[in-house]
>>> print(open('query24.txt').read())   # compact mmCIF, C-alpha atoms
# COMPACT_ATOMS: atom_id res chain seq x y z
CA MET A 11 35.03 111.49 -5.49
CA ALA A 12 38.27 113.45 -5.43
CA LYS A 13 40.69 112.88 -8.29
CA VAL A 14 44.31 112.74 -7.12
CA GLU A 15 47.48 112.98 -9.20
CA ILE A 16 49.27 109.67 -9.68
CA PRO A 17 52.48 108.46 -11.31
CA TYR A 18 51.46 107.24 -14.77
CA THR A 19 52.76 103.75 -13.94
CA GLN A 20 50.75 103.35 -10.71
CA PHE A 21 47.83 101.46 -12.26
CA PHE A 22 49.63 99.95 -15.24
CA GLN A 23 48.46 96.37 -14.65
CA GLU A 24 44.87 97.40 -13.91
CA THR A 25 44.73 99.64 -16.98
CA MET A 26 46.03 96.88 -19.26
CA GLN A 27 43.56 94.37 -17.80
CA VAL A 28 40.60 96.67 -18.41
CA MET A 29 41.81 97.52 -21.93
CA THR A 30 42.06 93.87 -22.97
CA HIS A 31 38.85 92.80 -21.21
CA ASP A 32 36.18 95.47 -21.85
CA GLY A 33 38.13 98.36 -23.34
CA LEU A 34 39.11 101.88 -22.37
CA LEU A 35 37.43 105.13 -23.35
CA LEU A 36 39.46 107.55 -25.44
CA ALA A 37 37.97 111.05 -25.27
CA SER A 38 38.51 114.00 -27.57
CA LEU A 39 36.76 117.13 -28.80
CA GLY A 40 35.00 117.44 -32.11
CA PRO A 41 35.68 120.36 -34.44
CA THR A 42 32.73 122.24 -32.89
CA GLY A 43 33.97 121.64 -29.33
CA LYS A 44 31.51 118.81 -28.57
CA PRO A 45 33.06 115.99 -26.50
CA ASN A 46 33.37 112.59 -28.13
CA THR A 47 34.50 109.19 -26.93
CA MET A 48 35.36 105.88 -28.53
CA THR A 49 36.31 102.50 -27.13
CA ILE A 50 39.88 101.30 -27.56
CA GLY A 51 41.08 97.75 -27.03
CA TRP A 52 44.55 98.26 -28.48
CA GLY A 53 47.23 100.62 -27.22
CA VAL A 54 50.63 100.85 -25.63
CA LEU A 55 51.37 102.52 -22.30
CA GLY A 56 55.05 103.06 -21.57
CA ALA A 57 58.06 105.26 -22.13
CA ILE A 58 59.31 106.45 -25.52
CA TRP A 59 62.01 109.08 -26.03
CA GLY A 60 62.40 109.20 -22.25
CA ARG A 61 58.80 110.43 -21.86
CA PRO A 62 55.65 108.79 -20.49
CA MET A 63 53.55 107.84 -23.51
CA TRP A 64 50.26 106.36 -24.68
CA VAL A 65 50.26 105.09 -28.26
CA VAL A 66 46.69 104.73 -29.50
CA LEU A 67 45.41 103.49 -32.86
CA VAL A 68 42.60 105.30 -34.68
CA ARG A 69 41.33 104.56 -38.18
CA PRO A 70 41.01 107.56 -40.54
CA SER A 71 37.37 106.59 -41.14
CA ARG A 72 36.51 107.18 -37.48
CA TYR A 73 35.10 110.46 -36.24
CA THR A 74 37.71 110.43 -33.45
CA TYR A 75 40.47 110.67 -36.08
CA GLN A 76 39.12 114.08 -37.14
CA CYS A 77 38.84 115.12 -33.49
CA ILE A 78 42.46 114.28 -32.62
CA GLU A 79 43.71 115.88 -35.83
CA THR A 80 41.85 119.06 -34.80
CA THR A 81 42.94 119.29 -31.15
CA GLY A 82 46.28 117.48 -31.16
CA ASP A 83 45.43 115.80 -27.87
CA PHE A 84 43.23 113.14 -26.25
CA THR A 85 42.53 111.48 -22.93
CA VAL A 86 42.51 107.77 -22.08
CA ASN A 87 39.98 106.91 -19.38
CA VAL A 88 39.71 103.66 -17.43
CA PRO A 89 36.09 102.74 -16.70
CA PRO A 90 34.99 100.68 -13.71
CA PRO A 91 33.36 97.27 -14.36
CA GLU A 92 29.82 98.63 -14.02
CA MET A 93 30.36 100.72 -17.17
CA ALA A 94 30.83 97.68 -19.44
CA GLU A 95 27.59 98.32 -21.37
CA ILE A 96 28.55 101.96 -21.96
CA VAL A 97 32.00 100.94 -23.19
CA SER A 98 30.38 98.48 -25.58
CA PHE A 99 27.96 101.14 -26.87
CA CYS A 100 30.78 103.66 -27.41
CA GLY A 101 32.60 101.10 -29.54
CA THR A 102 29.64 100.46 -31.83
CA VAL A 103 28.24 103.90 -32.72
CA SER A 104 29.88 106.95 -34.30
CA GLY A 105 30.21 110.38 -32.75
CA ARG A 106 29.19 111.74 -36.17
CA ASP A 107 25.68 110.39 -35.55
CA HIS A 108 25.44 110.13 -31.76
CA ASP A 109 26.18 112.34 -28.76
CA LYS A 110 27.57 109.48 -26.69
CA PHE A 111 28.07 111.67 -23.62
CA ALA A 112 24.40 112.75 -23.59
CA GLU A 113 22.99 109.35 -24.58
CA LYS A 114 24.89 107.47 -21.88
CA GLY A 115 24.89 110.15 -19.15
CA LEU A 116 28.64 110.70 -19.23
CA THR A 117 30.15 113.82 -17.70
CA ALA A 118 32.88 115.64 -19.65
CA GLN A 119 35.40 117.07 -17.16
CA PRO A 120 37.64 119.80 -18.53
CA GLY A 121 41.18 118.56 -19.09
CA ARG A 122 43.78 119.75 -16.61
CA GLN A 123 46.53 120.10 -19.24
CA VAL A 124 44.81 119.39 -22.58
CA LYS A 125 41.76 120.63 -24.49
CA SER A 126 40.10 117.20 -24.57
CA PRO A 127 37.92 116.24 -21.61
CA SER A 128 38.24 113.32 -19.26
CA ILE A 129 35.19 111.24 -18.34
CA ALA A 130 34.19 111.85 -14.72
CA GLU A 131 32.59 108.41 -14.27
CA CYS A 132 35.87 106.67 -15.07
CA VAL A 133 38.36 105.94 -12.29
CA ILE A 134 41.76 106.58 -13.92
CA HIS A 135 42.62 109.30 -16.45
CA TYR A 136 45.63 109.96 -18.67
CA GLU A 137 45.82 113.30 -20.50
CA CYS A 138 47.94 113.08 -23.64
CA GLN A 139 49.47 115.65 -25.98
CA VAL A 140 50.22 114.28 -29.45
CA VAL A 141 53.97 114.46 -30.12
CA HIS A 142 54.08 112.19 -33.19
CA ARG A 143 51.76 110.40 -35.59
CA ASN A 144 52.57 107.54 -37.86
CA ASP A 145 50.46 105.59 -40.33
CA VAL A 146 50.50 101.80 -40.55
CA ILE A 147 52.36 100.89 -43.74
CA PRO A 148 50.59 97.88 -45.27
CA ALA A 149 53.66 96.64 -47.17
CA GLN A 150 55.63 96.49 -43.91
CA LEU A 151 52.92 94.85 -41.79
CA ASP A 152 53.00 91.14 -40.95
CA GLN A 153 50.67 89.38 -43.40
CA ALA A 154 48.75 87.52 -40.69
CA ILE A 155 47.99 90.79 -38.88
CA GLN A 156 47.02 92.46 -42.13
CA VAL A 157 44.57 89.65 -42.96
CA SER A 158 43.01 89.51 -39.47
CA ALA A 159 42.92 93.20 -38.54
CA TYR A 160 42.53 94.90 -41.92
CA PRO A 161 40.43 92.74 -44.27
CA ALA A 162 38.89 95.89 -45.80
CA GLY A 163 41.95 98.14 -45.57
CA ASP A 164 41.31 101.27 -43.46
CA PHE A 165 44.70 101.07 -41.75
CA HIS A 166 45.19 102.87 -38.45
CA ARG A 167 47.08 106.01 -37.64
CA LEU A 168 49.17 105.64 -34.50
CA TYR A 169 49.10 108.66 -32.21
CA PHE A 170 51.97 109.00 -29.77
CA GLY A 171 50.52 110.96 -26.87
CA GLU A 172 52.87 112.22 -24.20
CA ILE A 173 51.15 111.81 -20.85
CA VAL A 174 51.07 115.32 -19.40
CA ALA A 175 48.73 114.51 -16.49
CA ALA A 176 47.59 111.30 -14.79
CA TYR A 177 45.05 111.15 -12.00
CA ALA A 178 42.60 108.73 -10.43
CA ASP A 179 39.82 108.35 -7.91
CA GLU A 180 41.23 107.96 -4.41
CA ASP A 181 39.70 104.47 -4.30
CA ALA A 182 40.52 103.46 -7.90
CA ALA A 183 42.09 100.12 -6.99
CA ARG A 184 39.04 99.07 -4.96
CA ARG A 185 36.60 100.17 -7.67
CA LEU A 186 38.45 98.24 -10.39
CA ALA A 187 38.74 95.13 -8.22
CA GLY A 188 34.97 95.17 -7.68
CA GLY A 189 34.30 93.53 -11.03
CA ASP A 190 35.35 90.50 -12.99
CA VAL A 191 38.52 91.89 -14.58
CA ARG A 192 40.62 89.10 -16.06
>>> encode(input="query24.txt", output="structure tokens")
Amino acid sequence: MAKVEIPYTQFFQETMQVMTHDGLLLASLGPTGKPNTMTIGWGVLGAIWGRPMWVVLVRPSRYTYQCIETTGDFTVNVPPPEMAEIVSFCGTVSGRDHDKFAEKGLTAQPGRQVKSPSIAECVIHYECQVVHRNDVIPAQLDQAIQVSAYPAGDFHRLYFGEIVAAYADEDAARRLAGGDVR
């Protein structure tokens, strides 16, 4: 399937629905150049500083944290409904111990503008260059969020990734509508 360039806002609603229902796949490269992916269910897609931006949250304890710190970029990939089991798997095992691409038959496509790969089996792709990072400050975080999201500490780092390329399958809307996306 051909991947065509799109405005980053074209599939905003569909991307947000998939993120909050099954999750998206954030891809990066490990220090040795091996592709890695993790599931994300939290993030912000929008405009900051007059630039198209993805803000993603990654805990320092995660292997992906080391990957993004090494490359300074990442991709956010929107999987179709039939990949729900893969998305679940990628959110429960670490890239330190598993080659998720090999184990789940994922294809790492070279990035068009970044070092990190996109995932060929996904239908929408956002390539992001880190322009800022910020750590969650526990003392400034709402207490209810702190209790529910961080019972053991391990507060996230927020990566502000400027979207430098966005592309999708020509039939992305049809493929995403094919499943039960709430």
>>> residues_around(input="query24.txt", residues="A:Thr80", least_positions_apart="5", cutoff="9 Å", atoms="all atoms listed in the file", output="list in words")
Leu39, Gly40, Pro41 and Tyr75 of chain A
>>> closest_residue(input="query24.txt", among="A:Ala162, A:Val146, A:Val103, A:Ala183", to="A:Tyr73", atoms="all atoms listed in the file")
A:Val103
>>> residues_around(input="query24.txt", residues="stretch 130-136 of chain A", least_positions_apart="2", cutoff="6 Å", atoms="all atoms listed in the file", output="mmCIF file with C-alpha atoms, keeping the file's coordinate frame")
data_model
loop_
_atom_site.group_PDB
_atom_site.id
_atom_site.type_symbol
_atom_site.label_atom_id
_atom_site.label_comp_id
_atom_site.auth_asym_id
_atom_site.auth_seq_id
_atom_site.Cartn_x
_atom_site.Cartn_y
_atom_site.Cartn_z
ATOM 1 C CA THR A 85 42.530 111.480 -22.930
ATOM 2 C CA VAL A 86 42.510 107.770 -22.080
ATOM 3 C CA ASN A 87 39.980 106.910 -19.380
ATOM 4 C CA VAL A 88 39.710 103.660 -17.430
ATOM 5 C CA PRO A 89 36.090 102.740 -16.700
ATOM 6 C CA THR A 117 30.150 113.820 -17.700
ATOM 7 C CA GLN A 119 35.400 117.070 -17.160
ATOM 8 C CA ALA A 175 48.730 114.510 -16.490
ATOM 9 C CA ALA A 176 47.590 111.300 -14.790
ATOM 10 C CA TYR A 177 45.050 111.150 -12.000
ATOM 11 C CA ALA A 178 42.600 108.730 -10.430
ATOM 12 C CA ASP A 179 39.820 108.350 -7.910
ATOM 13 C CA ALA A 182 40.520 103.460 -7.900
#
>>> closest_residue(input="query24.txt", among="A:Cys100, A:Met26, A:Leu35, A:Leu186", to="A:Val54", atoms="only C-alpha atoms")
A:Met26
>>> closest_residue(input="query24.txt", among="A:Asp152, A:Asp145, A:Asp109, A:Asp164", to="A:Asn46", atoms="only C-alpha atoms")
A:Asp109
>>> build_atoms(input="query24.txt", residues="stretch 133-168 of chain A", atoms="N, CA and C atoms", output="short mmCIF file (atom, residue, chain, number, x, y, z; two decimals), in the frame of the given file")
data_model
loop_
_atom_site.label_atom_id
_atom_site.label_comp_id
_atom_site.auth_asym_id
_atom_site.auth_seq_id
_atom_site.Cartn_x
_atom_site.Cartn_y
_atom_site.Cartn_z
N VAL A 133 37.60 105.90 -13.54
CA VAL A 133 38.36 105.94 -12.29
C VAL A 133 39.82 106.34 -12.46
N ILE A 134 40.37 106.19 -13.66
CA ILE A 134 41.76 106.58 -13.92
C ILE A 134 41.75 107.37 -15.23
N HIS A 135 42.59 108.41 -15.29
CA HIS A 135 42.62 109.30 -16.45
C HIS A 135 44.06 109.62 -16.82
N TYR A 136 44.33 109.58 -18.13
CA TYR A 136 45.63 109.96 -18.67
C TYR A 136 45.38 111.04 -19.72
N GLU A 137 45.94 112.22 -19.51
CA GLU A 137 45.82 113.30 -20.50
C GLU A 137 47.06 113.27 -21.38
N CYS A 138 46.84 113.30 -22.70
CA CYS A 138 47.94 113.08 -23.64
C CYS A 138 47.99 114.17 -24.70
N GLN A 139 49.19 114.68 -24.93
CA GLN A 139 49.47 115.65 -25.98
C GLN A 139 50.18 114.91 -27.12
N VAL A 140 49.63 114.99 -28.32
CA VAL A 140 50.22 114.28 -29.45
C VAL A 140 51.59 114.88 -29.77
N VAL A 141 52.62 114.02 -29.78
CA VAL A 141 53.97 114.46 -30.12
C VAL A 141 54.47 113.85 -31.43
N HIS A 142 53.73 112.83 -31.92
CA HIS A 142 54.08 112.19 -33.19
C HIS A 142 52.89 111.40 -33.67
N ARG A 143 52.79 111.26 -34.97
CA ARG A 143 51.76 110.40 -35.59
C ARG A 143 52.44 109.63 -36.70
N ASN A 144 51.96 108.42 -36.88
CA ASN A 144 52.57 107.54 -37.86
C ASN A 144 51.48 106.63 -38.42
N ASP A 145 51.45 106.46 -39.72
CA ASP A 145 50.46 105.59 -40.33
C ASP A 145 51.00 104.18 -40.49
N VAL A 146 50.13 103.18 -40.28
CA VAL A 146 50.50 101.80 -40.55
C VAL A 146 50.81 101.68 -42.04
N ILE A 147 51.93 101.07 -42.35
CA ILE A 147 52.36 100.89 -43.74
C ILE A 147 52.04 99.45 -44.13
N PRO A 148 51.01 99.25 -44.96
CA PRO A 148 50.59 97.88 -45.27
C PRO A 148 51.71 96.98 -45.76
N ALA A 149 52.59 97.47 -46.61
CA ALA A 149 53.66 96.64 -47.17
C ALA A 149 54.66 96.18 -46.11
N GLN A 150 54.68 96.85 -44.96
CA GLN A 150 55.63 96.49 -43.91
C GLN A 150 54.96 95.78 -42.74
N LEU A 151 53.68 95.48 -42.87
CA LEU A 151 52.92 94.85 -41.79
C LEU A 151 52.90 93.33 -41.99
N ASP A 152 53.09 92.60 -40.91
CA ASP A 152 53.00 91.14 -40.95
C ASP A 152 51.70 90.73 -41.65
N GLN A 153 51.82 89.79 -42.57
CA GLN A 153 50.67 89.38 -43.40
C GLN A 153 49.51 88.85 -42.56
N ALA A 154 49.82 88.08 -41.53
CA ALA A 154 48.75 87.52 -40.69
C ALA A 154 47.97 88.63 -39.98
N ILE A 155 48.67 89.66 -39.52
CA ILE A 155 47.99 90.79 -38.88
C ILE A 155 47.16 91.54 -39.91
N GLN A 156 47.73 91.74 -41.07
CA GLN A 156 47.02 92.46 -42.13
C GLN A 156 45.70 91.74 -42.47
N VAL A 157 45.76 90.43 -42.60
CA VAL A 157 44.57 89.65 -42.96
C VAL A 157 43.53 89.70 -41.83
N SER A 158 43.97 89.57 -40.58
CA SER A 158 43.01 89.51 -39.47
C SER A 158 42.49 90.87 -39.04
N ALA A 159 43.33 91.90 -39.06
CA ALA A 159 42.92 93.20 -38.54
C ALA A 159 42.46 94.19 -39.61
N TYR A 160 42.83 93.94 -40.86
CA TYR A 160 42.53 94.90 -41.92
C TYR A 160 41.97 94.24 -43.19
N PRO A 161 40.94 93.41 -43.07
CA PRO A 161 40.43 92.74 -44.27
C PRO A 161 39.88 93.72 -45.31
N ALA A 162 39.45 94.90 -44.86
CA ALA A 162 38.89 95.89 -45.80
C ALA A 162 39.81 97.10 -45.96
N GLY A 163 41.06 96.97 -45.52
CA GLY A 163 41.95 98.14 -45.57
C GLY A 163 41.69 99.01 -44.35
N ASP A 164 41.58 100.32 -44.54
CA ASP A 164 41.31 101.27 -43.46
C ASP A 164 42.33 101.11 -42.33
N PHE A 165 43.60 101.24 -42.69
CA PHE A 165 44.70 101.07 -41.75
C PHE A 165 44.77 102.22 -40.75
N HIS A 166 45.14 101.89 -39.54
CA HIS A 166 45.19 102.87 -38.45
C HIS A 166 46.27 103.93 -38.62
N ARG A 167 46.03 105.04 -37.95
CA ARG A 167 47.08 106.01 -37.64
C ARG A 167 47.42 105.79 -36.18
N LEU A 168 48.71 105.76 -35.88
CA LEU A 168 49.17 105.64 -34.50
C LEU A 168 49.46 107.05 -33.98
#
